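Pasted below: start_3.cif, mmCIF, C-alpha atoms, pLDDT in the B column; chains and numbers go by the auth columns.
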```cif
data_structure
loop_
_atom_site.group_PDB
_atom_site.id
_atom_site.type_symbol
_atom_site.label_atom_id
_atom_site.label_comp_id
_atom_site.label_asym_id
_atom_site.label_seq_id
_atom_site.Cartn_x
_atom_site.Cartn_y
_atom_site.Cartn_z
_atom_site.B_iso_or_equiv
_atom_site.auth_seq_id
_atom_site.auth_asym_id
ATOM 1 C CA LEU A 1 0.000 0.000 0.000 95.00 1 I
ATOM 2 C CA ASP A 2 2.867 2.370 0.705 95.00 2 I
ATOM 3 C CA ALA A 3 4.283 1.660 -2.757 95.00 3 I
ATOM 4 C CA TYR A 4 0.868 2.325 -4.316 94.00 4 I
ATOM 5 C CA LYS A 5 0.720 5.633 -2.458 95.00 5 I
ATOM 6 C CA LYS A 6 4.070 6.643 -3.996 96.00 6 I
ATOM 7 C CA TRP A 7 2.737 5.703 -7.436 96.00 7 I
ATOM 8 C CA ASN A 8 -0.374 7.909 -6.925 95.00 8 I
ATOM 9 C CA TYR A 9 -2.940 5.120 -6.894 95.00 9 I
ATOM 10 C CA ASN A 10 -6.384 6.138 -5.699 96.00 10 I
ATOM 11 C CA ALA A 11 -8.058 2.748 -5.120 97.00 11 I
ATOM 12 C CA VAL A 12 -7.198 -0.812 -4.194 97.00 12 I
ATOM 13 C CA ILE A 13 -9.195 -3.844 -5.270 97.00 13 I
ATOM 14 C CA VAL A 14 -8.766 -6.674 -2.781 96.00 14 I
ATOM 15 C CA GLN A 15 -10.188 -10.173 -3.097 96.00 15 I
ATOM 16 C CA ILE A 16 -12.273 -11.051 -0.040 97.00 16 I
ATOM 17 C CA ARG A 17 -14.098 -14.163 -1.315 95.00 17 I
ATOM 18 C CA SER A 18 -12.539 -16.597 -3.749 92.00 18 I
ATOM 19 C CA VAL A 19 -14.370 -19.931 -3.508 94.00 19 I
ATOM 20 C CA GLY A 20 -17.350 -19.970 -1.164 95.00 20 I
ATOM 21 C CA ASP A 21 -15.095 -18.725 1.610 96.00 21 I
ATOM 22 C CA ALA A 22 -14.366 -15.434 3.358 97.00 22 I
ATOM 23 C CA PHE A 23 -11.279 -13.393 4.193 96.00 23 I
ATOM 24 C CA TYR A 24 -13.291 -11.840 7.060 97.00 24 I
ATOM 25 C CA PRO A 25 -15.591 -13.131 9.826 97.00 25 I
ATOM 26 C CA SER A 26 -18.839 -14.150 8.122 97.00 26 I
ATOM 27 C CA LYS A 27 -22.141 -15.733 9.072 97.00 27 I
ATOM 28 C CA PHE A 28 -22.408 -17.100 5.524 97.00 28 I
ATOM 29 C CA ALA A 29 -18.993 -18.574 4.728 96.00 29 I
ATOM 30 C CA PRO A 30 -16.032 -20.158 6.511 97.00 30 I
ATOM 31 C CA TRP A 31 -12.677 -18.445 6.917 96.00 31 I
ATOM 32 C CA SER A 32 -10.600 -19.017 3.793 94.00 32 I
ATOM 33 C CA ARG A 33 -7.778 -21.542 3.927 92.00 33 I
ATOM 34 C CA TYR A 34 -5.929 -19.222 1.538 91.00 34 I
ATOM 35 C CA LEU A 35 -5.730 -16.726 4.391 91.00 35 I
ATOM 36 C CA THR A 36 -5.237 -18.886 7.456 90.00 36 I
ATOM 37 C CA GLY A 37 -3.891 -22.153 6.021 90.00 37 I
ATOM 38 C CA ARG A 38 -6.924 -24.167 7.112 92.00 38 I
ATOM 39 C CA GLU A 39 -10.477 -23.579 6.005 92.00 39 I
ATOM 40 C CA GLY A 40 -12.805 -22.517 8.785 93.00 40 I
ATOM 41 C CA GLN A 41 -9.912 -21.535 11.065 94.00 41 I
ATOM 42 C CA GLU A 42 -9.858 -17.905 12.127 93.00 42 I
ATOM 43 C CA PRO A 43 -6.602 -15.958 12.315 93.00 43 I
ATOM 44 C CA LYS A 44 -4.636 -16.478 15.520 92.00 44 I
ATOM 45 C CA PRO A 45 -4.457 -14.178 17.310 93.00 45 I
ATOM 46 C CA PHE A 46 -7.896 -13.195 16.073 94.00 46 I
ATOM 47 C CA PHE A 47 -8.308 -10.017 14.112 92.00 47 I
ATOM 48 C CA ASP A 48 -10.672 -8.854 11.405 96.00 48 I
ATOM 49 C CA THR A 49 -8.428 -8.864 8.354 95.00 49 I
ATOM 50 C CA LEU A 50 -10.943 -7.017 6.173 97.00 50 I
ATOM 51 C CA ALA A 51 -11.476 -4.199 8.692 98.00 51 I
ATOM 52 C CA TRP A 52 -7.691 -3.871 9.005 97.00 52 I
ATOM 53 C CA MET A 53 -7.172 -3.728 5.245 97.00 53 I
ATOM 54 C CA ILE A 54 -9.927 -1.125 4.812 98.00 54 I
ATOM 55 C CA ALA A 55 -8.460 1.029 7.593 98.00 55 I
ATOM 56 C CA GLU A 56 -4.961 0.812 6.077 98.00 56 I
ATOM 57 C CA ALA A 57 -6.261 1.661 2.594 98.00 57 I
ATOM 58 C CA HIS A 58 -8.338 4.606 3.837 98.00 58 I
ATOM 59 C CA ALA A 59 -5.435 5.899 5.954 97.00 59 I
ATOM 60 C CA ARG A 60 -3.493 6.301 2.709 97.00 60 I
ATOM 61 C CA GLY A 61 -6.376 8.005 0.900 97.00 61 I
ATOM 62 C CA PHE A 62 -7.377 4.984 -1.206 97.00 62 I
ATOM 63 C CA GLU A 63 -10.864 3.800 -1.950 98.00 63 I
ATOM 64 C CA PHE A 64 -11.310 0.181 -0.876 98.00 64 I
ATOM 65 C CA HIS A 65 -13.007 -2.067 -3.434 98.00 65 I
ATOM 66 C CA ALA A 66 -14.049 -5.501 -2.161 98.00 66 I
ATOM 67 C CA TRP A 67 -13.686 -8.202 -4.834 97.00 67 I
ATOM 68 C CA LEU A 68 -15.878 -11.303 -4.658 95.00 68 I
ATOM 69 C CA ASN A 69 -16.286 -14.383 -6.828 93.00 69 I
ATOM 70 C CA PRO A 70 -19.956 -15.220 -6.367 93.00 70 I
ATOM 71 C CA TYR A 71 -20.515 -18.485 -8.287 95.00 71 I
ATOM 72 C CA ARG A 72 -17.231 -20.363 -7.894 94.00 72 I
ATOM 73 C CA ALA A 73 -17.532 -22.677 -4.867 95.00 73 I
ATOM 74 C CA THR A 74 -14.213 -24.557 -5.064 94.00 74 I
ATOM 75 C CA PHE A 75 -11.007 -24.630 -7.126 90.00 75 I
ATOM 76 C CA ASP A 76 -11.302 -28.414 -7.440 89.00 76 I
ATOM 77 C CA THR A 77 -13.578 -31.241 -6.294 88.00 77 I
ATOM 78 C CA LYS A 78 -11.553 -32.278 -3.234 84.00 78 I
ATOM 79 C CA THR A 79 -14.303 -31.694 -0.696 85.00 79 I
ATOM 80 C CA GLU A 80 -12.144 -33.258 2.037 85.00 80 I
ATOM 81 C CA LEU A 81 -10.251 -29.946 2.064 83.00 81 I
ATOM 82 C CA VAL A 82 -13.358 -27.888 2.862 90.00 82 I
ATOM 83 C CA CYS A 83 -14.816 -27.565 6.334 92.00 83 I
ATOM 84 C CA SER A 84 -18.285 -28.613 7.431 93.00 84 I
ATOM 85 C CA ASP A 85 -19.506 -24.987 7.234 93.00 85 I
ATOM 86 C CA HIS A 86 -18.798 -24.726 3.510 96.00 86 I
ATOM 87 C CA ASP A 87 -21.883 -24.550 1.293 97.00 87 I
ATOM 88 C CA CYS A 88 -20.764 -27.536 -0.797 95.00 88 I
ATOM 89 C CA ILE A 89 -21.106 -29.647 2.365 95.00 89 I
ATOM 90 C CA LYS A 90 -24.187 -27.945 3.817 96.00 90 I
ATOM 91 C CA HIS A 91 -26.002 -27.601 0.467 97.00 91 I
ATOM 92 C CA PRO A 92 -24.678 -30.112 -2.076 96.00 92 I
ATOM 93 C CA GLU A 93 -27.904 -29.627 -4.047 97.00 93 I
ATOM 94 C CA TRP A 94 -26.716 -26.076 -4.843 97.00 94 I
ATOM 95 C CA MET A 95 -23.554 -27.308 -6.554 97.00 95 I
ATOM 96 C CA VAL A 96 -22.672 -28.208 -10.135 97.00 96 I
ATOM 97 C CA LYS A 97 -19.425 -30.046 -10.924 95.00 97 I
ATOM 98 C CA TYR A 98 -17.985 -28.635 -14.117 95.00 98 I
ATOM 99 C CA GLY A 99 -14.739 -28.160 -16.006 91.00 99 I
ATOM 100 C CA GLU A 100 -12.133 -29.932 -18.079 88.00 100 I
ATOM 101 C CA LEU A 101 -11.489 -33.522 -17.113 86.00 101 I
ATOM 102 C CA GLY A 102 -9.200 -33.520 -14.101 85.00 102 I
ATOM 103 C CA LYS A 103 -9.716 -29.777 -13.572 89.00 103 I
ATOM 104 C CA GLU A 104 -13.347 -29.777 -12.468 92.00 104 I
ATOM 105 C CA LYS A 105 -14.573 -27.282 -9.914 94.00 105 I
ATOM 106 C CA LEU A 106 -17.781 -26.920 -7.974 95.00 106 I
ATOM 107 C CA TYR A 107 -19.994 -23.978 -8.879 96.00 107 I
ATOM 108 C CA TYR A 108 -23.103 -22.579 -7.281 97.00 108 I
ATOM 109 C CA ASP A 109 -26.090 -23.154 -9.568 97.00 109 I
ATOM 110 C CA PRO A 110 -27.241 -19.598 -10.426 97.00 110 I
ATOM 111 C CA GLY A 111 -30.674 -20.913 -11.447 97.00 111 I
ATOM 112 C CA ILE A 112 -31.691 -21.887 -7.923 98.00 112 I
ATOM 113 C CA PRO A 113 -33.505 -19.015 -6.154 97.00 113 I
ATOM 114 C CA GLU A 114 -32.077 -20.062 -2.754 98.00 114 I
ATOM 115 C CA VAL A 115 -28.571 -19.752 -4.182 98.00 115 I
ATOM 116 C CA GLN A 116 -29.267 -16.239 -5.441 97.00 116 I
ATOM 117 C CA SER A 117 -30.778 -15.297 -2.071 97.00 117 I
ATOM 118 C CA HIS A 118 -27.800 -16.736 -0.192 98.00 118 I
ATOM 119 C CA LEU A 119 -25.230 -14.965 -2.382 97.00 119 I
ATOM 120 C CA LEU A 120 -27.152 -11.714 -2.012 97.00 120 I
ATOM 121 C CA LYS A 121 -26.831 -12.108 1.787 98.00 121 I
ATOM 122 C CA VAL A 122 -23.073 -12.608 1.370 97.00 122 I
ATOM 123 C CA VAL A 123 -22.770 -9.273 -0.445 98.00 123 I
ATOM 124 C CA ASP A 124 -25.176 -7.501 1.900 97.00 124 I
ATOM 125 C CA GLU A 125 -23.172 -8.644 4.927 98.00 125 I
ATOM 126 C CA VAL A 126 -20.020 -7.027 3.531 98.00 126 I
ATOM 127 C CA VAL A 127 -21.758 -3.800 2.519 98.00 127 I
ATOM 128 C CA HIS A 128 -23.591 -3.517 5.836 97.00 128 I
ATOM 129 C CA ASN A 129 -20.659 -4.403 8.130 98.00 129 I
ATOM 130 C CA TYR A 130 -17.737 -2.662 6.444 98.00 130 I
ATOM 131 C CA ASP A 131 -16.779 0.814 5.264 98.00 131 I
ATOM 132 C CA ILE A 132 -16.091 -0.281 1.701 98.00 132 I
ATOM 133 C CA ASP A 133 -16.251 2.013 -1.298 98.00 133 I
ATOM 134 C CA ALA A 134 -17.190 -0.562 -3.938 98.00 134 I
ATOM 135 C CA ILE A 135 -18.086 -4.176 -4.637 98.00 135 I
ATOM 136 C CA HIS A 136 -16.370 -5.875 -7.586 96.00 136 I
ATOM 137 C CA PHE A 137 -17.448 -9.215 -9.052 93.00 137 I
ATOM 138 C CA ASP A 138 -15.327 -11.623 -11.015 86.00 138 I
ATOM 139 C CA ASP A 139 -16.828 -14.705 -12.680 82.00 139 I
ATOM 140 C CA TYR A 140 -20.384 -13.488 -12.147 83.00 140 I
ATOM 141 C CA PHE A 141 -21.459 -15.452 -15.230 87.00 141 I
ATOM 142 C CA TYR A 142 -21.860 -19.122 -16.028 90.00 142 I
ATOM 143 C CA PRO A 143 -18.461 -20.786 -16.532 90.00 143 I
ATOM 144 C CA TYR A 144 -16.928 -20.756 -19.992 89.00 144 I
ATOM 145 C CA ARG A 145 -17.937 -23.626 -22.217 89.00 145 I
ATOM 146 C CA VAL A 146 -15.711 -26.688 -22.178 91.00 146 I
ATOM 147 C CA LYS A 147 -15.765 -28.817 -25.315 90.00 147 I
ATOM 148 C CA GLY A 148 -17.611 -32.060 -24.695 89.00 148 I
ATOM 149 C CA LYS A 149 -18.902 -30.947 -21.268 92.00 149 I
ATOM 150 C CA GLU A 150 -22.266 -29.565 -20.244 92.00 150 I
ATOM 151 C CA PHE A 151 -22.953 -27.412 -17.190 94.00 151 I
ATOM 152 C CA ASN A 152 -25.485 -29.725 -15.560 95.00 152 I
ATOM 153 C CA ASP A 153 -28.219 -27.398 -14.351 97.00 153 I
ATOM 154 C CA THR A 154 -30.918 -29.559 -15.958 95.00 154 I
ATOM 155 C CA ASN A 155 -32.932 -30.020 -12.753 96.00 155 I
ATOM 156 C CA SER A 156 -33.051 -26.323 -11.884 97.00 156 I
ATOM 157 C CA PHE A 157 -33.856 -25.461 -15.522 98.00 157 I
ATOM 158 C CA LYS A 158 -36.770 -27.923 -15.515 97.00 158 I
ATOM 159 C CA LYS A 159 -38.012 -26.493 -12.227 97.00 159 I
ATOM 160 C CA TYR A 160 -37.493 -22.760 -12.856 97.00 160 I
ATOM 161 C CA GLY A 161 -37.046 -22.356 -16.638 96.00 161 I
ATOM 162 C CA LYS A 162 -40.520 -20.864 -17.189 91.00 162 I
ATOM 163 C CA GLY A 163 -40.599 -21.778 -20.878 94.00 163 I
ATOM 164 C CA LEU A 164 -37.376 -19.950 -21.797 97.00 164 I
ATOM 165 C CA THR A 165 -34.565 -21.499 -23.794 97.00 165 I
ATOM 166 C CA ILE A 166 -31.730 -22.593 -21.532 96.00 166 I
ATOM 167 C CA GLU A 167 -29.494 -19.793 -22.871 96.00 167 I
ATOM 168 C CA ASP A 168 -32.143 -17.114 -22.227 97.00 168 I
ATOM 169 C CA TRP A 169 -32.864 -18.581 -18.799 97.00 169 I
ATOM 170 C CA ARG A 170 -29.178 -18.519 -17.853 97.00 170 I
ATOM 171 C CA ARG A 171 -28.824 -14.906 -19.009 96.00 171 I
ATOM 172 C CA SER A 172 -31.940 -14.036 -17.011 97.00 172 I
ATOM 173 C CA ASN A 173 -30.477 -15.678 -13.887 97.00 173 I
ATOM 174 C CA VAL A 174 -27.309 -13.604 -14.135 96.00 174 I
ATOM 175 C CA ASN A 175 -29.221 -10.407 -14.934 96.00 175 I
ATOM 176 C CA THR A 176 -31.621 -10.970 -12.031 96.00 176 I
ATOM 177 C CA PHE A 177 -28.775 -11.595 -9.601 96.00 177 I
ATOM 178 C CA VAL A 178 -26.735 -8.583 -10.715 96.00 178 I
ATOM 179 C CA LYS A 179 -29.820 -6.337 -10.560 97.00 179 I
ATOM 180 C CA SER A 180 -30.715 -7.625 -7.082 97.00 180 I
ATOM 181 C CA VAL A 181 -27.182 -7.028 -5.815 97.00 181 I
ATOM 182 C CA TYR A 182 -27.138 -3.507 -7.255 98.00 182 I
ATOM 183 C CA HIS A 183 -30.444 -2.591 -5.594 98.00 183 I
ATOM 184 C CA ALA A 184 -29.440 -4.150 -2.253 97.00 184 I
ATOM 185 C CA ILE A 185 -26.179 -2.185 -2.230 98.00 185 I
ATOM 186 C CA LYS A 186 -27.875 1.090 -3.122 97.00 186 I
ATOM 187 C CA LYS A 187 -30.624 0.527 -0.537 96.00 187 I
ATOM 188 C CA SER A 188 -28.073 -0.064 2.216 96.00 188 I
ATOM 189 C CA LYS A 189 -25.382 2.456 1.215 98.00 189 I
ATOM 190 C CA PRO A 190 -26.145 4.482 -1.931 97.00 190 I
ATOM 191 C CA TRP A 191 -22.564 5.755 -2.162 98.00 191 I
ATOM 192 C CA VAL A 192 -21.044 2.277 -2.517 98.00 192 I
ATOM 193 C CA GLN A 193 -20.125 1.574 -6.143 98.00 193 I
ATOM 194 C CA PHE A 194 -20.901 -1.723 -7.880 97.00 194 I
#
```
Take the structure in the file and write it out as structure tokens.
Amino acid sequence: LDAYKKWNYNAVIVQIRSVGDAFYPSKFAPWSRYLTGREGQEPKPFFDTLAWMIAEAHARGFEFHAWLNPYRATFDTKTELVCSDHDCIKHPEWMVKYGELGKEKLYYDPGIPEVQSHLLKVVDEVVHNYDIDAIHFDDYFYPYRVKGKEFNDTNSFKKYGKGLTIEDWRRSNVNTFVKSVYHAIKKSKPWVQF
């Protein structure tokens, strides 16, 4: 951050959720193993890493932009590495295994209303609890197509498709989620960018 100050930066974008986890204390996700070394384990001694990072960024005159990956649940399918509080354990029905052979990941199924509601709560928790200046999303769309593989959201499409083509339904799911997040942010803190 000190180097960025010398280079006249005015904002920092910091990842706070990578794969169904959290780099801050959360009611909706376990502590990230990429922060503490073990998923679900809080920092020792305990401190709120996100609050600290925001304070340090603001002390240098930077905006703090919180970066979240909403739909990616894991980087692989090794669920033995996730803790019992992870959504892929608590809600396996929300997950879709997808990717190149040997490189599959678990994704939240954006077509399930409970998934959208849950992910909206994740964002709302951050906006409500922290003095952030913006929310950034990465991978807020269905995963890129993999030749010979199909993103298996057949059950949710049958249940919630409402007569749309699967492509139109998927676009609608993403549009609905993004719109809901935008309105929730603006309702809570109109000055927070999205």
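Nearest residue to Trp31 of chain I, choosing from I:Leu1, I:Ala11, I:Ala51, I:Cys83 and counting only C-alpha atoms: I:Cys83.
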In the coordinates of the file, take the point (-11.1, -31.4, -9.4) and a cut-off of 10 Å; then, counting only C-alpha atoms, name each qualifying protein, DNA or RNA residue as a JSON list (two decimals) with C-alpha atoms, in the frame of the given file.
```json
[["chain", "number", "residue", "atom", "x", "y", "z"],
["I", 74, "THR", "CA", -14.21, -24.56, -5.06],
["I", 75, "PHE", "CA", -11.01, -24.63, -7.13],
["I", 76, "ASP", "CA", -11.30, -28.41, -7.44],
["I", 77, "THR", "CA", -13.58, -31.24, -6.29],
["I", 78, "LYS", "CA", -11.55, -32.28, -3.23],
["I", 79, "THR", "CA", -14.30, -31.69, -0.70],
["I", 97, "LYS", "CA", -19.42, -30.05, -10.92],
["I", 98, "TYR", "CA", -17.98, -28.64, -14.12],
["I", 99, "GLY", "CA", -14.74, -28.16, -16.01],
["I", 100, "GLU", "CA", -12.13, -29.93, -18.08],
["I", 101, "LEU", "CA", -11.49, -33.52, -17.11],
["I", 102, "GLY", "CA", -9.20, -33.52, -14.10],
["I", 103, "LYS", "CA", -9.72, -29.78, -13.57],
["I", 104, "GLU", "CA", -13.35, -29.78, -12.47],
["I", 105, "LYS", "CA", -14.57, -27.28, -9.91],
["I", 106, "LEU", "CA", -17.78, -26.92, -7.97]]
```
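Nearest residue to Tyr4 of chain I, choosing from I:Tyr24, I:Phe62, I:Phe47, I:Phe137 and counting only C-alpha atoms: I:Phe62.
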Please evaluate the PyMOL selection byres ((chain I and resi 32) around 8) against the structure above and give the resulting residues as number ranges by chain. I: 17, 21-23, 30-31, 33-41
For Asp109 of chain I, list every protein, DNA or RNA residue within 12 Å, evaluated using only C-alpha atoms, and leave out those in the same chain fewer than 4 positions away; present the list as a PyMOL selection string. chain I and resi 70-73+87-88+91-98+113-119+140-143+151-157+160+170+173-174+177
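Atom CA of Asn8 of chain I to atom CA of Gly61 of chain I spans 9.9 Å [interatomic distance, one decimal].
The closest residue to Val178 of chain I, picked from I:Glu63, I:Asp2, I:Asp138, I:Glu150 and counting all atoms listed in the file, is I:Asp138.
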Check what the PyMOL selection byres ((chain I and resi 126) around 12) selects in the file above and give those residues as a VMD selection string. chain I and resid 16 to 17 22 to 29 50 to 51 54 65 to 68 119 to 125 127 to 136 181 184 to 185 188 to 189 192
For Ile112 of chain I, which of I:His58, I:His183, I:Lys90, I:Lys159 is the closest residue, counting only C-alpha atoms? I:Lys159
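Distance-wise, atom CA of Tyr107 of chain I and atom CA of Val19 of chain I end up 8.8 Å apart.
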Å distance separating atom CA of Val146 of chain I from atom CA of Ile166 of chain I, one decimal place: 16.5 Å
